[in-house]
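One structure below.
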Amino acid sequence: MSAGGTATSVVLAGGGTGGHIEPMLALADALRRREPGLRITCLGTARGMETRLVPARGYDLRLIPPVPLPRRPTPDLLRVPGRVRRSVAETRALLDELGADVVVGFGGYVALPAYLAARRSRRGRAGIPIVVHEQNALPGLANRVGARLAARVAVTVPGTPLRRGEHVGMPLRSAITTLDRAGRRAEARAAFGLDDDRPTLLVFGGSQGAASLNRAATAAADALTAAGIQVLHARGPKNTDVTVPARPAGAAPYVVVDYLERMDLAYAAADLALCRSGAVTVAELSAVGLPAAFVPLPIGNGEQRRNALPVVEAGGGLLVEDAELSAAWIQATLVPLLTDPAALSGYAAHAAAAGVPDADERLADIVLEVARDR
């Protein structure tokens with residue numbers, strides 16, 4: 001409990017991208033299930049997806065100034081210290097107003113000022129305790145700083161290079177962690193206009209799609225459907241030029257959609273996924289036991305490749321570099337796998353064994369322990 005007998009106040013800092021927001025909201029749901037009287041506040045910025053997603057899930061959102069850090073030395077770098085000071089001052093005042101008992105950060109532009117503000121809070125000499133959750137195999141700057149200040153550090157991928165990191169997995173929404181893929185397969189395939197009894201490939205490249213996945217999958221459409229494999233392909237809402245010619249009567253369906261609102265049904269419909277390997281994607285697929293051919297994003301620091309490796313090394317998926325993905329690769333590698341039920345079943349079992357479906361509860365345990373210790 002906070003001072004004066006008021007409800008425990010938990011502040012969650014995870015705005016900016018879906019990769020930060022989704023685990024933040026999954027933790028919030030777990031905390032609310034555990035202790036309905038908790039006061040849960042999410043921090044975000046005015047330009048992030050959280051302005052839509054957080055209120056829609058029923059949580060209080062408070063906005064703070066973001067602190068974007070240039071990736072290369074530029075004149076803008078000279079303005080960063082001033083931005084940090086202003087953002088930390090505003091965030092510290094907000095934490096004091098909320099009577100925060102614990103601050104949980106998920107990295108990114110919102111987490112860094114929250115970590116520094118908690119450390120410098122006026123609520124006692126020790127400040128407000130911090131819990132850090134890192135989603136990726138390679139941590140970003142905000143969480144590298146936060147880990148040095150934190151009471152506890154949780155990681156999604158074993159071996160993540162953060163000091164005192166505890167492997168808890170990725171907090172996920174209950175629609176994913178409670179999904180019965182086999183039990184909902186018929187319903188899911190009917191919802192997408194797919195046949196009930198064909199092997200099914202799910203293709204998606206994130207909310208905006210991925211050009212290389214779109215090209216390779218549509219070029220392999222004839223080979224896939226000729227082998228009796230049906231496809232559910234999310235091309236991305238802006239990629240309206242990605243189409244597949246109408247299939248002849250009796251051919252396996254190739255269904256193209258702009259966006260998948262119900263990923264749980266998409267996972268239930270599929271036997272194998274062809275996708276990127278963002279941290280949330282890898283965690284969701286392993287949690288539901290859906291094997292995948294992962295195509296890491298070919299830019300950045302290689303974190304997507306590292307995200308996928310634990311599942312691939314456990315036998316729950318394949319890894320193909322973006323430059324190597326082609327219609328020929330799909331025909332040579334995925335068509336034989338999708339038409340081999342025993343092999344698919346083995347991959348699915350290994351994918352499920354690599355998953356951590358109760359990561360939200362594990363992280364909730366840590367957060368509540370830290371809050372109570374305070």
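Just so we're on the same page: first chain in the structure tokens is A, next is B, and so on; residues restart at 1 for each chain, and ligands are numbered from 1 in the order they show up.
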- prompt: Using only C-alpha atoms, which residues sit within 12 Å of Gly300 of chain A once same-chain residues fewer than 5 positions away are excluded, as number ranges by chain?
  reply: A: 71, 138, 140, 278, 305-306
What parts of segment 123-239 of chain A does DSSP call strand (DSSP E or B)? I'd like the answer as a short mmCIF file (atom, residue, chain, number, x, y, z; two decimals) with N, CA, C and O atoms, in the first residue's frame.
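Full text of out_13.cif as output:
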data_model
loop_
_atom_site.label_atom_id
_atom_site.label_comp_id
_atom_site.auth_asym_id
_atom_site.auth_seq_id
_atom_site.Cartn_x
_atom_site.Cartn_y
_atom_site.Cartn_z
N ILE A 130 12.47 0.46 -9.34
CA ILE A 130 12.27 0.28 -10.78
C ILE A 130 12.34 -1.21 -11.13
O ILE A 130 13.19 -1.94 -10.61
N VAL A 131 11.45 -1.64 -12.01
CA VAL A 131 11.53 -2.95 -12.64
C VAL A 131 11.67 -2.73 -14.14
O VAL A 131 10.92 -1.95 -14.73
N VAL A 132 12.63 -3.39 -14.75
CA VAL A 132 12.87 -3.28 -16.19
C VAL A 132 12.45 -4.57 -16.88
O VAL A 132 12.75 -5.66 -16.38
N HIS A 133 11.75 -4.45 -17.99
CA HIS A 133 11.50 -5.62 -18.84
C HIS A 133 12.06 -5.33 -20.23
O HIS A 133 11.71 -4.34 -20.87
N GLU A 134 12.93 -6.23 -20.70
CA GLU A 134 13.53 -6.10 -22.03
C GLU A 134 12.93 -7.15 -22.96
O GLU A 134 12.96 -8.34 -22.67
N ARG A 152 14.82 -4.99 -9.99
CA ARG A 152 14.77 -6.28 -10.68
C ARG A 152 14.80 -6.02 -12.18
O ARG A 152 14.27 -5.01 -12.66
N VAL A 153 15.38 -6.97 -12.91
CA VAL A 153 15.49 -6.87 -14.37
C VAL A 153 14.96 -8.17 -14.97
O VAL A 153 15.47 -9.26 -14.66
N ALA A 154 13.94 -8.08 -15.82
CA ALA A 154 13.34 -9.25 -16.46
C ALA A 154 13.65 -9.21 -17.95
O ALA A 154 13.63 -8.14 -18.57
N VAL A 155 13.92 -10.37 -18.55
CA VAL A 155 14.24 -10.44 -19.97
C VAL A 155 13.36 -11.49 -20.65
O VAL A 155 12.90 -12.44 -20.02
N GLY A 165 19.76 -9.96 -15.14
CA GLY A 165 18.55 -10.28 -15.89
C GLY A 165 17.96 -11.62 -15.51
O GLY A 165 18.67 -12.62 -15.40
N GLU A 166 16.64 -11.67 -15.29
CA GLU A 166 15.92 -12.91 -14.96
C GLU A 166 15.04 -13.27 -16.16
O GLU A 166 14.27 -12.44 -16.64
N HIS A 167 15.13 -14.50 -16.62
CA HIS A 167 14.34 -14.90 -17.78
C HIS A 167 12.90 -15.14 -17.34
O HIS A 167 12.60 -16.07 -16.59
N THR A 200 -2.02 -25.21 -44.18
CA THR A 200 -2.22 -23.76 -44.32
C THR A 200 -0.97 -22.99 -43.93
O THR A 200 -0.41 -23.18 -42.84
N LEU A 201 -0.56 -22.09 -44.83
CA LEU A 201 0.57 -21.20 -44.58
C LEU A 201 0.05 -19.80 -44.28
O LEU A 201 -0.77 -19.26 -45.03
N LEU A 202 0.52 -19.22 -43.19
CA LEU A 202 0.20 -17.85 -42.82
C LEU A 202 1.40 -16.96 -43.16
O LEU A 202 2.52 -17.22 -42.71
N VAL A 203 1.17 -15.91 -43.94
CA VAL A 203 2.24 -14.99 -44.33
C VAL A 203 1.90 -13.60 -43.80
O VAL A 203 0.81 -13.08 -44.07
N PHE A 204 2.81 -13.02 -43.01
CA PHE A 204 2.59 -11.65 -42.54
C PHE A 204 3.93 -11.01 -42.22
O PHE A 204 4.87 -11.67 -41.83
N GLN A 230 -3.03 -24.13 -48.86
CA GLN A 230 -3.73 -22.86 -48.92
C GLN A 230 -2.97 -21.80 -48.12
O GLN A 230 -2.18 -22.13 -47.23
N VAL A 231 -3.20 -20.54 -48.48
CA VAL A 231 -2.40 -19.45 -47.91
C VAL A 231 -3.32 -18.34 -47.40
O VAL A 231 -4.29 -17.97 -48.06
N LEU A 232 -3.00 -17.85 -46.21
CA LEU A 232 -3.60 -16.63 -45.67
C LEU A 232 -2.49 -15.60 -45.60
O LEU A 232 -1.53 -15.77 -44.86
N HIS A 233 -2.58 -14.54 -46.40
CA HIS A 233 -1.48 -13.60 -46.60
C HIS A 233 -1.94 -12.19 -46.24
O HIS A 233 -2.81 -11.61 -46.89
N ALA A 234 -1.34 -11.61 -45.19
CA ALA A 234 -1.59 -10.22 -44.81
C ALA A 234 -0.52 -9.36 -45.48
O ALA A 234 0.65 -9.39 -45.09
#
Nearest-residue call for Ser212 of chain A, choices A:Ala93, A:Leu224, A:Cys275, A:Val54, using only C-alpha atoms: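 Of the candidates, the smallest distance to Ser212 of chain A is held by A:Cys275.
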query: For Gly14 of chain A, which of A:Leu179, A:Ala56, A:Leu63, A:Ala273 is the closest residue, counting only C-alpha atoms?
result: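 For Gly14 of chain A, the nearest of the candidates is A:Leu63.
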Contacts of Leu285 of chain A within 9 Å, only C-alpha atoms, excl. fewer than 4 positions in-chain, as a PyMOL selection string: chain A and resi 176+267+273+280-281+289-292+351-352+355
Store the residues picked out above, limited to N, CA, C and O atoms, as a PDB file, in the first residue's frame.
ATOM      1  N   ILE A 176      -4.084 -14.704 -26.731  1.00  0.00           N
ATOM      2  CA  ILE A 176      -3.025 -15.527 -27.312  1.00  0.00           C
ATOM      3  C   ILE A 176      -2.653 -16.664 -26.373  1.00  0.00           C
ATOM      4  O   ILE A 176      -2.584 -17.826 -26.781  1.00  0.00           O
ATOM      5  N   TYR A 267      -3.563 -17.426 -36.195  1.00  0.00           N
ATOM      6  CA  TYR A 267      -2.693 -18.484 -35.674  1.00  0.00           C
ATOM      7  C   TYR A 267      -3.435 -19.824 -35.623  1.00  0.00           C
ATOM      8  O   TYR A 267      -2.857 -20.875 -35.908  1.00  0.00           O
ATOM      9  N   ALA A 273       3.938 -20.471 -40.211  1.00  0.00           N
ATOM     10  CA  ALA A 273       3.962 -19.051 -40.542  1.00  0.00           C
ATOM     11  C   ALA A 273       5.244 -18.703 -41.288  1.00  0.00           C
ATOM     12  O   ALA A 273       6.301 -19.297 -41.044  1.00  0.00           O
ATOM     13  N   VAL A 280       7.737  -9.626 -30.169  1.00  0.00           N
ATOM     14  CA  VAL A 280       6.373 -10.037 -29.840  1.00  0.00           C
ATOM     15  C   VAL A 280       5.919 -11.172 -30.752  1.00  0.00           C
ATOM     16  O   VAL A 280       5.297 -12.142 -30.306  1.00  0.00           O
ATOM     17  N   THR A 281       6.244 -11.076 -32.039  1.00  0.00           N
ATOM     18  CA  THR A 281       5.868 -12.136 -32.980  1.00  0.00           C
ATOM     19  C   THR A 281       6.457 -13.475 -32.567  1.00  0.00           C
ATOM     20  O   THR A 281       5.753 -14.495 -32.518  1.00  0.00           O
ATOM     21  N   GLY A 289       2.394 -22.417 -29.985  1.00  0.00           N
ATOM     22  CA  GLY A 289       2.906 -23.636 -30.597  1.00  0.00           C
ATOM     23  C   GLY A 289       2.785 -23.667 -32.106  1.00  0.00           C
ATOM     24  O   GLY A 289       2.591 -24.737 -32.700  1.00  0.00           O
ATOM     25  N   LEU A 290       2.915 -22.488 -32.749  1.00  0.00           N
ATOM     26  CA  LEU A 290       2.867 -22.430 -34.210  1.00  0.00           C
ATOM     27  C   LEU A 290       4.282 -22.268 -34.743  1.00  0.00           C
ATOM     28  O   LEU A 290       4.932 -21.255 -34.492  1.00  0.00           O
ATOM     29  N   PRO A 291       4.795 -23.254 -35.488  1.00  0.00           N
ATOM     30  CA  PRO A 291       6.152 -23.121 -36.035  1.00  0.00           C
ATOM     31  C   PRO A 291       6.192 -22.072 -37.134  1.00  0.00           C
ATOM     32  O   PRO A 291       5.166 -21.727 -37.723  1.00  0.00           O
ATOM     33  N   ALA A 292       7.398 -21.566 -37.404  1.00  0.00           N
ATOM     34  CA  ALA A 292       7.526 -20.481 -38.377  1.00  0.00           C
ATOM     35  C   ALA A 292       8.833 -20.568 -39.127  1.00  0.00           C
ATOM     36  O   ALA A 292       9.827 -21.108 -38.630  1.00  0.00           O
ATOM     37  N   ALA A 351       8.194 -25.761 -30.887  1.00  0.00           N
ATOM     38  CA  ALA A 351       7.871 -24.337 -30.746  1.00  0.00           C
ATOM     39  C   ALA A 351       7.154 -24.087 -29.432  1.00  0.00           C
ATOM     40  O   ALA A 351       7.472 -23.139 -28.696  1.00  0.00           O
ATOM     41  N   ALA A 352       6.186 -24.940 -29.116  1.00  0.00           N
ATOM     42  CA  ALA A 352       5.441 -24.779 -27.864  1.00  0.00           C
ATOM     43  C   ALA A 352       6.350 -24.936 -26.649  1.00  0.00           C
ATOM     44  O   ALA A 352       6.206 -24.213 -25.651  1.00  0.00           O
ATOM     45  N   GLY A 355       8.114 -21.774 -25.717  1.00  0.00           N
ATOM     46  CA  GLY A 355       7.298 -20.634 -25.322  1.00  0.00           C
ATOM     47  C   GLY A 355       7.157 -20.490 -23.818  1.00  0.00           C
ATOM     48  O   GLY A 355       7.395 -21.433 -23.056  1.00  0.00           O
TER      49      GLY A 355
END
field: Contacts of Arg47 of chain A within 12 Å, only C-alpha atoms, excl. fewer than 6 positions in-chain, as an MDAnalysis selection string
entry: chainID A and resid 15:17 63:66 109:110
query: Mind pulling up the distance from atom CA of Leu98 of chain A to atom CA of Val84 of chain A?
result: 20.7 Å
message: Set the distance at 8 Å and use only C-alpha atoms: which residues neighbour Val367 of chain A once local chain neighbours fewer than 4 positions away are removed? I'd like the list as a list in words.
response: Val102, Val104, Val131, Leu363 and Ala371 of chain A
task: Could you tell me, as a PyMOL selection string, which residues of segment 10-157 of chain A DSSP assigns to helix (DSSP H, G or I) when given the backbone?
output: chain A and resi 18-34+50-56+75-98+111-119+141-149
Pairwise distance for atom CA of Leu337 of chain A and atom CA of Met170 of chain A, rounded to one decimal in Å: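 Answer for the atom CA of Leu337 of chain A to atom CA of Met170 of chain A separation: 27.9 Å.
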List the neighbours of Ser87 of chain A out to 12 Å using only C-alpha atoms; skip same-chain residues closer than 2 positions along the sequence, and give me the result as a PDB file with N, CA, C and O atoms, in the first residue's frame.
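Below is the file that was written, around_17.pdb:
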ATOM      1  N   GLY A  44       3.025   7.646 -21.652  1.00  0.00           N
ATOM      2  CA  GLY A  44       3.224   7.619 -23.091  1.00  0.00           C
ATOM      3  C   GLY A  44       3.504   9.009 -23.606  1.00  0.00           C
ATOM      4  O   GLY A  44       3.685   9.956 -22.840  1.00  0.00           O
ATOM      5  N   THR A  45       3.542   9.135 -24.926  1.00  0.00           N
ATOM      6  CA  THR A  45       3.750  10.433 -25.560  1.00  0.00           C
ATOM      7  C   THR A  45       2.575  10.718 -26.481  1.00  0.00           C
ATOM      8  O   THR A  45       1.843   9.816 -26.887  1.00  0.00           O
ATOM      9  N   LEU A  63       0.654  11.677 -20.341  1.00  0.00           N
ATOM     10  CA  LEU A  63       1.636  11.971 -21.379  1.00  0.00           C
ATOM     11  C   LEU A  63       2.837  12.704 -20.808  1.00  0.00           C
ATOM     12  O   LEU A  63       2.703  13.590 -19.957  1.00  0.00           O
ATOM     13  N   ILE A  64       4.023  12.316 -21.277  1.00  0.00           N
ATOM     14  CA  ILE A  64       5.262  12.983 -20.905  1.00  0.00           C
ATOM     15  C   ILE A  64       6.043  13.309 -22.173  1.00  0.00           C
ATOM     16  O   ILE A  64       5.802  12.710 -23.227  1.00  0.00           O
ATOM     17  N   PRO A  65       6.996  14.252 -22.104  1.00  0.00           N
ATOM     18  CA  PRO A  65       7.795  14.564 -23.297  1.00  0.00           C
ATOM     19  C   PRO A  65       8.742  13.410 -23.630  1.00  0.00           C
ATOM     20  O   PRO A  65       9.436  12.894 -22.743  1.00  0.00           O
ATOM     21  N   PRO A  66       8.786  12.966 -24.891  1.00  0.00           N
ATOM     22  CA  PRO A  66       9.719  11.893 -25.263  1.00  0.00           C
ATOM     23  C   PRO A  66      11.139  12.417 -25.326  1.00  0.00           C
ATOM     24  O   PRO A  66      11.362  13.628 -25.467  1.00  0.00           O
ATOM     25  N   VAL A  67      12.099  11.511 -25.229  1.00  0.00           N
ATOM     26  CA  VAL A  67      13.505  11.880 -25.384  1.00  0.00           C
ATOM     27  C   VAL A  67      14.118  11.003 -26.471  1.00  0.00           C
ATOM     28  O   VAL A  67      14.773   9.997 -26.187  1.00  0.00           O
ATOM     29  N   PRO A  68      13.893  11.338 -27.759  1.00  0.00           N
ATOM     30  CA  PRO A  68      14.523  10.569 -28.837  1.00  0.00           C
ATOM     31  C   PRO A  68      16.018  10.816 -28.869  1.00  0.00           C
ATOM     32  O   PRO A  68      16.473  11.955 -28.725  1.00  0.00           O
ATOM     33  N   VAL A  80      20.115  17.121 -26.633  1.00  0.00           N
ATOM     34  CA  VAL A  80      19.591  16.008 -25.845  1.00  0.00           C
ATOM     35  C   VAL A  80      19.654  16.263 -24.341  1.00  0.00           C
ATOM     36  O   VAL A  80      18.666  16.018 -23.631  1.00  0.00           O
ATOM     37  N   PRO A  81      20.773  16.749 -23.770  1.00  0.00           N
ATOM     38  CA  PRO A  81      20.791  16.944 -22.311  1.00  0.00           C
ATOM     39  C   PRO A  81      19.674  17.850 -21.809  1.00  0.00           C
ATOM     40  O   PRO A  81      19.050  17.566 -20.779  1.00  0.00           O
ATOM     41  N   GLY A  82      19.402  18.927 -22.534  1.00  0.00           N
ATOM     42  CA  GLY A  82      18.317  19.819 -22.123  1.00  0.00           C
ATOM     43  C   GLY A  82      16.964  19.131 -22.201  1.00  0.00           C
ATOM     44  O   GLY A  82      16.116  19.299 -21.315  1.00  0.00           O
ATOM     45  N   ARG A  83      16.749  18.353 -23.255  1.00  0.00           N
ATOM     46  CA  ARG A  83      15.483  17.615 -23.381  1.00  0.00           C
ATOM     47  C   ARG A  83      15.325  16.610 -22.251  1.00  0.00           C
ATOM     48  O   ARG A  83      14.232  16.437 -21.701  1.00  0.00           O
ATOM     49  N   VAL A  84      16.421  15.930 -21.912  1.00  0.00           N
ATOM     50  CA  VAL A  84      16.366  14.949 -20.831  1.00  0.00           C
ATOM     51  C   VAL A  84      15.991  15.633 -19.524  1.00  0.00           C
ATOM     52  O   VAL A  84      15.125  15.164 -18.776  1.00  0.00           O
ATOM     53  N   ARG A  85      16.631  16.760 -19.218  1.00  0.00           N
ATOM     54  CA  ARG A  85      16.346  17.446 -17.962  1.00  0.00           C
ATOM     55  C   ARG A  85      14.882  17.871 -17.874  1.00  0.00           C
ATOM     56  O   ARG A  85      14.226  17.688 -16.838  1.00  0.00           O
ATOM     57  N   ALA A  89      12.186  16.208 -15.252  1.00  0.00           N
ATOM     58  CA  ALA A  89      11.529  17.077 -14.268  1.00  0.00           C
ATOM     59  C   ALA A  89      10.012  16.909 -14.325  1.00  0.00           C
ATOM     60  O   ALA A  89       9.341  16.786 -13.286  1.00  0.00           O
ATOM     61  N   GLU A  90       9.449  16.886 -15.537  1.00  0.00           N
ATOM     62  CA  GLU A  90       7.998  16.723 -15.678  1.00  0.00           C
ATOM     63  C   GLU A  90       7.555  15.341 -15.219  1.00  0.00           C
ATOM     64  O   GLU A  90       6.508  15.187 -14.578  1.00  0.00           O
ATOM     65  N   THR A  91       8.345  14.319 -15.552  1.00  0.00           N
ATOM     66  CA  THR A  91       7.980  12.951 -15.173  1.00  0.00           C
ATOM     67  C   THR A  91       8.091  12.765 -13.664  1.00  0.00           C
ATOM     68  O   THR A  91       7.257  12.089 -13.049  1.00  0.00           O
ATOM     69  N   ARG A  92       9.097  13.367 -13.048  1.00  0.00           N
ATOM     70  CA  ARG A  92       9.252  13.268 -11.590  1.00  0.00           C
ATOM     71  C   ARG A  92       8.057  13.885 -10.873  1.00  0.00           C
ATOM     72  O   ARG A  92       7.523  13.318  -9.916  1.00  0.00           O
ATOM     73  N   ALA A  93       7.611  15.050 -11.353  1.00  0.00           N
ATOM     74  CA  ALA A  93       6.437  15.681 -10.745  1.00  0.00           C
ATOM     75  C   ALA A  93       5.208  14.781 -10.893  1.00  0.00           C
ATOM     76  O   ALA A  93       4.382  14.670  -9.974  1.00  0.00           O
ATOM     77  N   LEU A  94       5.078  14.120 -12.042  1.00  0.00           N
ATOM     78  CA  LEU A  94       3.946  13.235 -12.270  1.00  0.00           C
ATOM     79  C   LEU A  94       3.999  12.016 -11.358  1.00  0.00           C
ATOM     80  O   LEU A  94       2.987  11.613 -10.771  1.00  0.00           O
ATOM     81  N   TYR A 109      11.604   5.587 -25.833  1.00  0.00           N
ATOM     82  CA  TYR A 109      11.669   7.019 -25.525  1.00  0.00           C
ATOM     83  C   TYR A 109      10.986   7.381 -24.210  1.00  0.00           C
ATOM     84  O   TYR A 109      11.348   8.357 -23.568  1.00  0.00           O
ATOM     85  N   VAL A 110       9.956   6.624 -23.825  1.00  0.00           N
ATOM     86  CA  VAL A 110       9.209   6.939 -22.611  1.00  0.00           C
ATOM     87  C   VAL A 110       9.913   6.409 -21.369  1.00  0.00           C
ATOM     88  O   VAL A 110       9.868   7.027 -20.308  1.00  0.00           O
ATOM     89  N   ALA A 111      10.575   5.272 -21.498  1.00  0.00           N
ATOM     90  CA  ALA A 111      11.143   4.612 -20.319  1.00  0.00           C
ATOM     91  C   ALA A 111      12.328   5.367 -19.742  1.00  0.00           C
ATOM     92  O   ALA A 111      12.484   5.436 -18.512  1.00  0.00           O
ATOM     93  N   LEU A 112      13.184   5.943 -20.595  1.00  0.00           N
ATOM     94  CA  LEU A 112      14.395   6.576 -20.072  1.00  0.00           C
ATOM     95  C   LEU A 112      14.082   7.702 -19.091  1.00  0.00           C
ATOM     96  O   LEU A 112      14.608   7.710 -17.972  1.00  0.00           O
ATOM     97  N   PRO A 113      13.233   8.691 -19.437  1.00  0.00           N
ATOM     98  CA  PRO A 113      12.922   9.705 -18.437  1.00  0.00           C
ATOM     99  C   PRO A 113      12.221   9.143 -17.211  1.00  0.00           C
ATOM    100  O   PRO A 113      12.395   9.654 -16.098  1.00  0.00           O
ATOM    101  N   ALA A 114      11.427   8.080 -17.384  1.00  0.00           N
ATOM    102  CA  ALA A 114      10.758   7.471 -16.228  1.00  0.00           C
ATOM    103  C   ALA A 114      11.773   6.854 -15.272  1.00  0.00           C
ATOM    104  O   ALA A 114      11.655   6.992 -14.047  1.00  0.00           O
ATOM    105  N   TYR A 115      12.790   6.179 -15.813  1.00  0.00           N
ATOM    106  CA  TYR A 115      13.820   5.589 -14.958  1.00  0.00           C
ATOM    107  C   TYR A 115      14.562   6.677 -14.182  1.00  0.00           C
ATOM    108  O   TYR A 115      14.775   6.561 -12.962  1.00  0.00           O
ATOM    109  N   LEU A 116      14.963   7.721 -14.873  1.00  0.00           N
ATOM    110  CA  LEU A 116      15.741   8.775 -14.228  1.00  0.00           C
ATOM    111  C   LEU A 116      14.888   9.535 -13.219  1.00  0.00           C
ATOM    112  O   LEU A 116      15.367   9.918 -12.146  1.00  0.00           O
ATOM    113  N   ALA A 117      13.614   9.756 -13.552  1.00  0.00           N
ATOM    114  CA  ALA A 117      12.724  10.457 -12.623  1.00  0.00           C
ATOM    115  C   ALA A 117      12.474   9.627 -11.366  1.00  0.00           C
ATOM    116  O   ALA A 117      12.431  10.166 -10.262  1.00  0.00           O
TER     117      ALA A 117
END
